[in-house]
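Okay, data.cif is below, mmCIF, C-alpha atoms:
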data_coords
#
loop_
_atom_site.label_atom_id
_atom_site.label_comp_id
_atom_site.auth_asym_id
_atom_site.auth_seq_id
_atom_site.Cartn_x
_atom_site.Cartn_y
_atom_site.Cartn_z
CA MET A 30 -202.10 -53.82 0.13
CA ASP A 31 -203.08 -56.45 -2.41
CA ASP A 32 -203.06 -55.40 -6.09
CA ASN A 33 -206.75 -56.20 -6.49
CA ASP A 34 -207.59 -53.97 -3.51
CA ILE A 35 -205.63 -51.10 -5.06
CA ILE A 36 -207.41 -51.62 -8.38
CA ASP A 37 -210.74 -51.59 -6.53
CA LEU A 38 -209.76 -48.19 -5.10
CA PHE A 39 -209.18 -46.96 -8.65
CA PHE A 40 -212.58 -48.27 -9.67
CA ALA A 41 -214.14 -46.52 -6.69
CA ARG A 42 -212.35 -43.31 -7.87
CA ARG A 43 -210.69 -42.95 -4.49
CA GLU A 44 -207.54 -40.87 -4.56
CA ASP A 45 -205.77 -43.03 -1.99
CA ALA A 46 -205.39 -45.51 -4.85
CA LEU A 47 -202.58 -43.28 -6.11
CA LEU A 48 -200.99 -43.17 -2.67
CA GLU A 49 -201.15 -46.94 -2.26
CA THR A 50 -199.76 -47.47 -5.77
CA ARG A 51 -196.88 -45.08 -5.12
CA GLN A 52 -196.20 -46.75 -1.79
CA LYS A 53 -196.08 -50.24 -3.27
CA TYR A 54 -194.54 -49.64 -6.68
CA GLY A 55 -193.11 -46.11 -6.59
CA ARG A 56 -189.56 -47.19 -5.80
CA ARG A 57 -189.46 -49.81 -8.57
CA LEU A 58 -190.95 -47.41 -11.12
CA LEU A 59 -188.50 -44.70 -10.12
CA PHE A 60 -185.59 -47.12 -10.65
CA THR A 61 -186.85 -48.01 -14.13
CA ALA A 62 -187.27 -44.34 -15.07
CA MET A 63 -183.87 -43.45 -13.58
CA ASN A 64 -182.17 -46.26 -15.52
CA ILE A 65 -183.44 -44.73 -18.74
CA LEU A 66 -183.31 -41.01 -18.00
CA HIS A 67 -180.45 -40.65 -15.49
CA ASN A 68 -182.17 -37.61 -14.06
CA ALA A 69 -184.03 -37.71 -10.74
CA GLU A 70 -186.39 -34.87 -11.61
CA ASP A 71 -187.39 -36.35 -14.98
CA ALA A 72 -187.72 -39.81 -13.44
CA GLU A 73 -190.01 -38.50 -10.70
CA GLU A 74 -192.09 -36.74 -13.35
CA CYS A 75 -192.44 -40.00 -15.27
CA VAL A 76 -193.59 -41.82 -12.13
CA SER A 77 -196.19 -39.09 -11.49
CA ASP A 78 -197.31 -39.28 -15.13
CA THR A 79 -197.56 -43.07 -14.76
CA LEU A 80 -199.91 -42.65 -11.82
CA TRP A 81 -201.95 -40.08 -13.73
CA LYS A 82 -202.17 -42.32 -16.78
CA THR A 83 -203.17 -45.25 -14.56
CA TRP A 84 -205.89 -43.09 -13.00
CA GLU A 85 -207.18 -42.31 -16.51
CA THR A 86 -207.00 -45.92 -17.69
CA ILE A 87 -208.55 -47.71 -14.68
CA PRO A 88 -211.50 -48.00 -15.08
CA PRO A 89 -212.49 -49.41 -17.51
CA THR A 90 -209.26 -51.43 -17.82
CA ARG A 91 -208.64 -53.99 -15.08
CA PRO A 92 -205.03 -55.14 -15.40
CA THR A 93 -204.39 -58.73 -14.43
CA MET A 94 -200.76 -58.02 -13.55
CA PHE A 95 -200.74 -54.58 -11.98
CA GLY A 96 -196.95 -54.32 -11.44
CA ALA A 97 -196.20 -55.18 -15.05
CA PHE A 98 -198.94 -52.79 -16.21
CA LEU A 99 -197.32 -49.91 -14.29
CA SER A 100 -193.79 -50.84 -15.38
CA LYS A 101 -194.81 -50.75 -19.04
CA ILE A 102 -196.34 -47.29 -18.69
CA THR A 103 -193.27 -45.93 -16.88
CA ARG A 104 -190.87 -47.47 -19.36
CA ASN A 105 -192.75 -46.14 -22.37
CA LEU A 106 -193.08 -42.66 -20.87
CA SER A 107 -189.40 -42.62 -19.92
CA LEU A 108 -188.30 -43.86 -23.33
CA ASN A 109 -190.48 -41.27 -25.07
CA LEU A 110 -189.03 -38.53 -22.91
CA TRP A 111 -185.52 -39.82 -23.58
CA LYS A 112 -186.21 -39.80 -27.33
CA ALA A 113 -187.56 -36.26 -27.17
CA GLN A 114 -184.50 -35.11 -25.24
CA HIS A 115 -182.12 -36.90 -27.60
CA ALA A 116 -183.77 -35.78 -30.81
CA ILE A 117 -181.56 -32.71 -30.51
CA ARG A 118 -178.42 -34.18 -28.98
CA ARG A 119 -177.19 -37.76 -29.36
CA GLY A 120 -175.00 -39.78 -27.05
CA GLY A 121 -174.71 -40.81 -23.42
CA GLY A 122 -176.99 -42.69 -21.06
CA GLU A 123 -178.00 -46.30 -20.56
CA VAL A 124 -180.33 -46.34 -23.57
CA GLU A 125 -177.39 -45.57 -25.86
CA LEU A 126 -175.59 -48.55 -24.31
CA LEU A 127 -178.63 -50.79 -24.83
CA LEU A 128 -178.93 -49.71 -28.45
CA GLY A 129 -175.21 -50.28 -28.92
CA GLU A 130 -175.44 -53.80 -27.49
CA LEU A 131 -178.43 -54.69 -29.68
CA GLU A 132 -176.68 -53.22 -32.69
CA ASP A 133 -173.71 -55.56 -32.11
CA CYS A 134 -175.90 -58.57 -32.75
CA ILE A 135 -178.52 -57.18 -35.07
CA PRO A 136 -177.21 -55.76 -38.32
CA ALA A 137 -179.70 -52.93 -38.44
CA LYS A 138 -178.63 -51.66 -41.85
CA GLU A 139 -179.85 -54.86 -43.48
CA VAL A 140 -183.44 -54.44 -42.44
CA ASP A 141 -186.28 -52.52 -43.94
CA THR A 142 -187.96 -49.82 -41.95
CA PRO A 143 -190.44 -51.25 -39.46
CA GLU A 144 -193.21 -49.00 -40.71
CA THR A 145 -193.18 -50.51 -44.19
CA ALA A 146 -192.10 -54.08 -43.64
CA TYR A 147 -193.16 -55.35 -40.24
CA GLU A 148 -195.89 -54.51 -37.86
CA SER A 149 -194.91 -53.85 -34.27
CA GLN A 150 -197.18 -56.66 -33.19
CA VAL A 151 -195.27 -59.24 -35.23
CA LEU A 152 -192.00 -58.01 -33.79
CA THR A 153 -193.33 -58.07 -30.23
CA GLU A 154 -194.72 -61.58 -30.75
CA THR A 155 -191.34 -62.73 -32.09
CA ILE A 156 -189.64 -61.29 -29.01
CA ASN A 157 -192.21 -63.06 -26.81
CA ASP A 158 -191.58 -66.39 -28.59
CA CYS A 159 -187.87 -65.87 -28.22
CA LEU A 160 -188.23 -65.16 -24.49
CA ARG A 161 -190.42 -68.24 -24.01
CA SER A 162 -187.71 -70.41 -25.53
CA MET A 163 -185.01 -69.09 -23.15
CA ASP A 164 -184.25 -70.58 -19.77
CA GLN A 165 -185.54 -68.63 -16.78
CA THR A 166 -182.25 -67.01 -15.72
CA ALA A 167 -181.50 -65.81 -19.26
CA ARG A 168 -185.03 -64.48 -19.61
CA ILE A 169 -184.87 -62.55 -16.34
CA ALA A 170 -181.46 -61.14 -17.28
CA PHE A 171 -182.87 -60.00 -20.64
CA VAL A 172 -185.91 -58.35 -19.01
CA LEU A 173 -183.81 -56.64 -16.33
CA ARG A 174 -181.35 -55.31 -18.90
CA TYR A 175 -183.48 -54.50 -21.93
CA PHE A 176 -186.84 -53.76 -20.36
CA HIS A 177 -185.86 -52.07 -17.10
CA GLY A 178 -182.51 -50.80 -18.39
CA GLU A 179 -180.66 -52.14 -15.34
CA SER A 180 -176.88 -51.84 -15.42
CA ILE A 181 -174.76 -54.99 -15.92
CA GLN A 182 -173.62 -54.69 -12.28
CA SER A 183 -177.20 -54.59 -11.10
CA VAL A 184 -178.14 -57.61 -13.23
CA CYS A 185 -175.26 -59.69 -11.89
CA THR A 186 -176.05 -58.69 -8.29
CA GLN A 187 -179.70 -59.61 -8.67
CA LEU A 188 -178.93 -62.93 -10.31
CA ASN A 189 -176.01 -63.68 -7.99
CA MET A 190 -173.46 -64.19 -10.74
CA SER A 191 -170.16 -62.66 -11.77
CA GLU A 192 -170.06 -59.69 -14.13
CA SER A 193 -168.36 -61.70 -16.87
CA LYS A 194 -170.98 -64.43 -16.59
CA ALA A 195 -173.79 -61.85 -16.79
CA LYS A 196 -172.18 -60.27 -19.85
CA SER A 197 -171.81 -63.59 -21.62
CA LEU A 198 -175.37 -64.56 -20.68
CA LEU A 199 -176.70 -61.30 -22.15
CA PHE A 200 -174.56 -61.80 -25.25
CA ARG A 201 -176.12 -65.22 -25.74
CA THR A 202 -179.63 -63.82 -25.27
CA ARG A 203 -178.95 -61.18 -27.94
CA ASN A 204 -177.67 -63.84 -30.32
CA HIS A 205 -180.71 -65.95 -29.55
CA LEU A 206 -182.94 -62.97 -30.36
CA LYS A 207 -181.04 -62.38 -33.57
CA ALA A 208 -181.61 -66.01 -34.59
CA TYR A 209 -185.34 -65.59 -33.94
CA LEU A 210 -185.52 -62.36 -35.92
CA GLU A 211 -183.68 -64.06 -38.79
CA LYS A 212 -186.01 -67.04 -38.67
CA GLU A 213 -189.01 -64.70 -38.97
CA GLY A 214 -187.29 -62.83 -41.80
CA ILE A 215 -187.19 -59.60 -39.80
CA VAL A 216 -183.42 -59.33 -40.19
CA ARG A 217 -181.37 -60.95 -42.91
CA MET B 11 -177.23 -48.08 -39.99
CA ASN B 12 -180.97 -48.05 -39.47
CA ARG B 13 -181.10 -46.68 -35.98
CA SER B 14 -184.86 -46.29 -36.04
CA PHE B 15 -185.23 -50.08 -36.24
CA LEU B 16 -183.18 -50.54 -33.08
CA GLU B 17 -185.26 -47.93 -31.30
CA HIS B 18 -188.36 -49.67 -32.61
CA LEU B 19 -187.02 -52.97 -31.29
CA LEU B 20 -186.48 -51.36 -27.88
CA ASP B 21 -190.07 -50.07 -28.02
CA CYS B 22 -191.36 -53.56 -28.82
CA ILE B 23 -189.39 -55.03 -25.92
CA GLY B 24 -191.52 -52.62 -23.86
CA ALA B 25 -194.63 -54.48 -24.98
CA ILE B 26 -193.57 -58.02 -24.02
CA ASP B 27 -195.90 -60.33 -22.09
CA ASP B 28 -196.71 -59.16 -18.58
CA ALA B 29 -195.82 -62.62 -17.30
CA PHE B 30 -192.13 -62.05 -18.13
CA LEU B 31 -192.16 -58.80 -16.17
CA GLU B 32 -193.85 -60.45 -13.22
CA GLU B 33 -191.27 -63.21 -13.32
CA ALA B 34 -188.45 -60.67 -13.12
CA GLU B 35 -190.26 -58.82 -10.30
CA THR B 36 -190.28 -61.87 -8.04
CA PRO B 37 -188.03 -61.25 -5.04
CA TYR B 38 -184.46 -61.62 -6.09
CA PHE B 39 -183.48 -64.11 -3.42
CA ILE B 40 -185.53 -66.75 -5.22
CA TYR B 41 -183.07 -66.64 -8.07
CA THR B 42 -179.95 -66.63 -5.93
CA LYS B 43 -178.45 -70.05 -6.06
CA PRO B 44 -177.85 -71.75 -2.72
CA ARG B 45 -174.21 -72.30 -1.89
CA SER B 46 -172.94 -75.65 -3.08
CA MET B 47 -172.55 -78.47 -0.59
CA GLY B 48 -168.80 -78.46 -1.25
CA ARG B 49 -168.57 -74.81 -0.22
CA ILE B 50 -170.67 -75.46 2.91
CA LEU B 51 -168.40 -78.39 3.89
CA GLN B 52 -165.33 -76.25 3.22
CA TYR B 53 -166.55 -73.47 5.53
CA SER B 54 -167.59 -76.03 8.15
CA ALA B 55 -164.11 -77.55 8.02
CA TYR B 56 -162.53 -74.10 8.48
CA GLY B 57 -164.83 -73.47 11.44
CA ALA B 58 -164.05 -76.84 13.03
CA ALA B 59 -160.30 -76.32 12.54
CA GLY B 60 -160.54 -72.86 14.08
CA LEU B 61 -162.42 -74.21 17.08
CA ALA B 62 -159.87 -77.03 17.50
CA VAL B 63 -156.98 -74.56 17.49
CA LEU B 64 -158.72 -72.33 20.02
CA GLY B 65 -159.61 -75.35 22.17
CA GLY B 66 -156.02 -76.64 22.04
CA ALA B 67 -154.64 -73.24 22.98
CA ALA B 68 -157.10 -72.92 25.86
CA ALA B 69 -156.22 -76.46 27.12
CA ALA B 70 -152.48 -75.76 26.90
CA PHE B 71 -152.92 -72.50 28.74
CA TRP B 72 -155.01 -74.21 31.40
CA ARG B 73 -152.44 -77.00 31.88
CA LEU B 74 -149.61 -74.49 32.06
CA ARG B 75 -151.49 -72.42 34.57
CA SER B 76 -152.45 -75.37 36.76
CA GLY B 77 -148.86 -76.72 36.56
CA ARG B 78 -147.49 -73.43 37.77
CA SER B 79 -149.99 -73.21 40.57
CA LYS B 80 -149.07 -76.79 41.70
CA LYS B 81 -145.35 -75.90 41.75
CA SER B 82 -145.99 -72.77 43.73
CA ALA B 83 -148.09 -74.78 46.20
#
Represent the structure contained in this file as structure tokens.
Amino acid sequence: MDDNDIIDLFFARREDALLETRQKYGRRLLFTAMNILHNAEDAEECVSDTLWKTWETIPPTRPTMFGAFLSKITRNLSLNLWKAQHAIRRGGGEVELLLGELEDCIPAKEVDTPETAYESQVLTETINDCLRSMDQTARIAFVLRYFHGESIQSVCTQLNMSESKAKSLLFRTRNHLKAYLEKEGIVR
Amino acid sequence: MNRSFLEHLLDCIGAIDDAFLEEAETPYFIYTKPRSMGRILQYSAYGAAGLAVLGGAAAAFWRLRSGRSKKSA
């Protein structure tokens, strides 16, 4: 079913909108949640919460890119759940790896806290500018790895490249991001 | 180390333009590079060589067989 038709079902408050959304995007959303949480039960819960949140948001919102809209909700819910679970215990999981990789390129100790120095919007806009300046393959690799939390193996399979090439591509994207953050004065 | 900044950065990556997400959602085969012409020619050459060997073996076998049948006749 076309995205607009599904959104129309939401607007009509028809419950099969949830079924159609799960049928079309459920698998993708579950992958994203699984990449972050590494727990099938939690991931399934996040997908269900995504559908519930979508039901609450549409209407009045009419997303122009429905897939991206859903992905963002799932990712944020999963990341929040991950943070809540890891507030007590640290270590393990793909998110730790992602943070570790970003830390390699971004000297986090040299920045001020985001709350006092930089608004989230500025940071997001800088990331958007950085992504716009990348070539398509690098951009997709970055999104797959740092948005969806895909493993390196998954990234290289999807982009049809060797693991070492994918790693070096991601390394270059991180350095590129670092340069952008430095240019904006977000990191020194 | 200011870990909260890195987590904040990860959060902000979650708010990137929808267009980038859509781009990465496009079926993966679009991004798979087609095999190079050199590789295609290489495989074609292997295939042709294989067929030639099989053809040669079949012809030799056929000749041998017909030769034997002539002698026996």
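Taken over the shown file, the PyMOL selection byres ((chain A and resi 77) around 10) identifies Leu47, Arg51, Gly55, Leu58, Leu59, Asp71, Ala72, Glu73, Glu74, Cys75, Val76, Asp78, Thr79, Leu80, Trp81, Lys82, Thr83 and Thr103 of chain A.
If we count all atoms listed in the file, these residues of chain A sit within 6 Å of chain B: Ala97, Ala137, Lys138, Thr153, Asn157, Ile169, Phe176, Gln187, Leu188 and Asn189 of chain A.
The coordinates place atom CA of Asn109 of chain A at 14.7 Å from atom CA of Leu128 of chain A.
Residue membership of the PyMOL selection byres ((chain A and resi 60-64) around 7) in the shown file amounts to A:Arg56, A:Arg57, A:Leu58, A:Leu59, A:Ile65, A:Leu66, A:His67, A:Asn68, A:Ala69, A:Ala72, A:Cys75, A:Thr103, A:Arg104, A:Ser107, A:Glu123, A:His177, A:Gly178, A:Glu179.
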Residues as selected, C-alpha atoms, written as a CSV table (one decimal), keeping the file's coordinate frame, can you do that?
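Saved as selection-v5.csv:
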chain,number,residue,atom,x,y,z
A,56,ARG,CA,-189.6,-47.2,-5.8
A,57,ARG,CA,-189.5,-49.8,-8.6
A,58,LEU,CA,-191.0,-47.4,-11.1
A,59,LEU,CA,-188.5,-44.7,-10.1
A,65,ILE,CA,-183.4,-44.7,-18.7
A,66,LEU,CA,-183.3,-41.0,-18.0
A,67,HIS,CA,-180.4,-40.6,-15.5
A,68,ASN,CA,-182.2,-37.6,-14.1
A,69,ALA,CA,-184.0,-37.7,-10.7
A,72,ALA,CA,-187.7,-39.8,-13.4
A,75,CYS,CA,-192.4,-40.0,-15.3
A,103,THR,CA,-193.3,-45.9,-16.9
A,104,ARG,CA,-190.9,-47.5,-19.4
A,107,SER,CA,-189.4,-42.6,-19.9
A,123,GLU,CA,-178.0,-46.3,-20.6
A,177,HIS,CA,-185.9,-52.1,-17.1
A,178,GLY,CA,-182.5,-50.8,-18.4
A,179,GLU,CA,-180.7,-52.1,-15.3
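The spacing separating atom CA of Leu160 of chain A from atom CA of Trp111 of chain A amounts to 25.5 Å.
Relative to atom CA of Arg203 of chain A, atom CA of Ile102 of chain A is found at 24.1 Å.
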I'd like to see the residues matched by the PyMOL selection byres ((chain A and resi 35-41) around 12) on this file, and ideally I'd get them as a ChimeraX atom specification.
/A:30-34,42-54,80-96,98-99
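Minimum atom-to-atom distances from A:Leu199, A:Leu108, A:Ala113, A:Val216 to Ile181 of chain A were compared using all atoms listed in the file, and the lowest value belongs to A:Leu199.
Across A:Ala170, A:Ala208, A:Leu127, A:Ile215, the tightest approach to Ala195 of chain A is made by A:Ala170 when counting all atoms listed in the file.
Here the question is which of A:Glu213, A:His115, A:Ser100, A:Val151 gets nearest to Leu173 of chain A using only C-alpha atoms, and that residue is A:Ser100.
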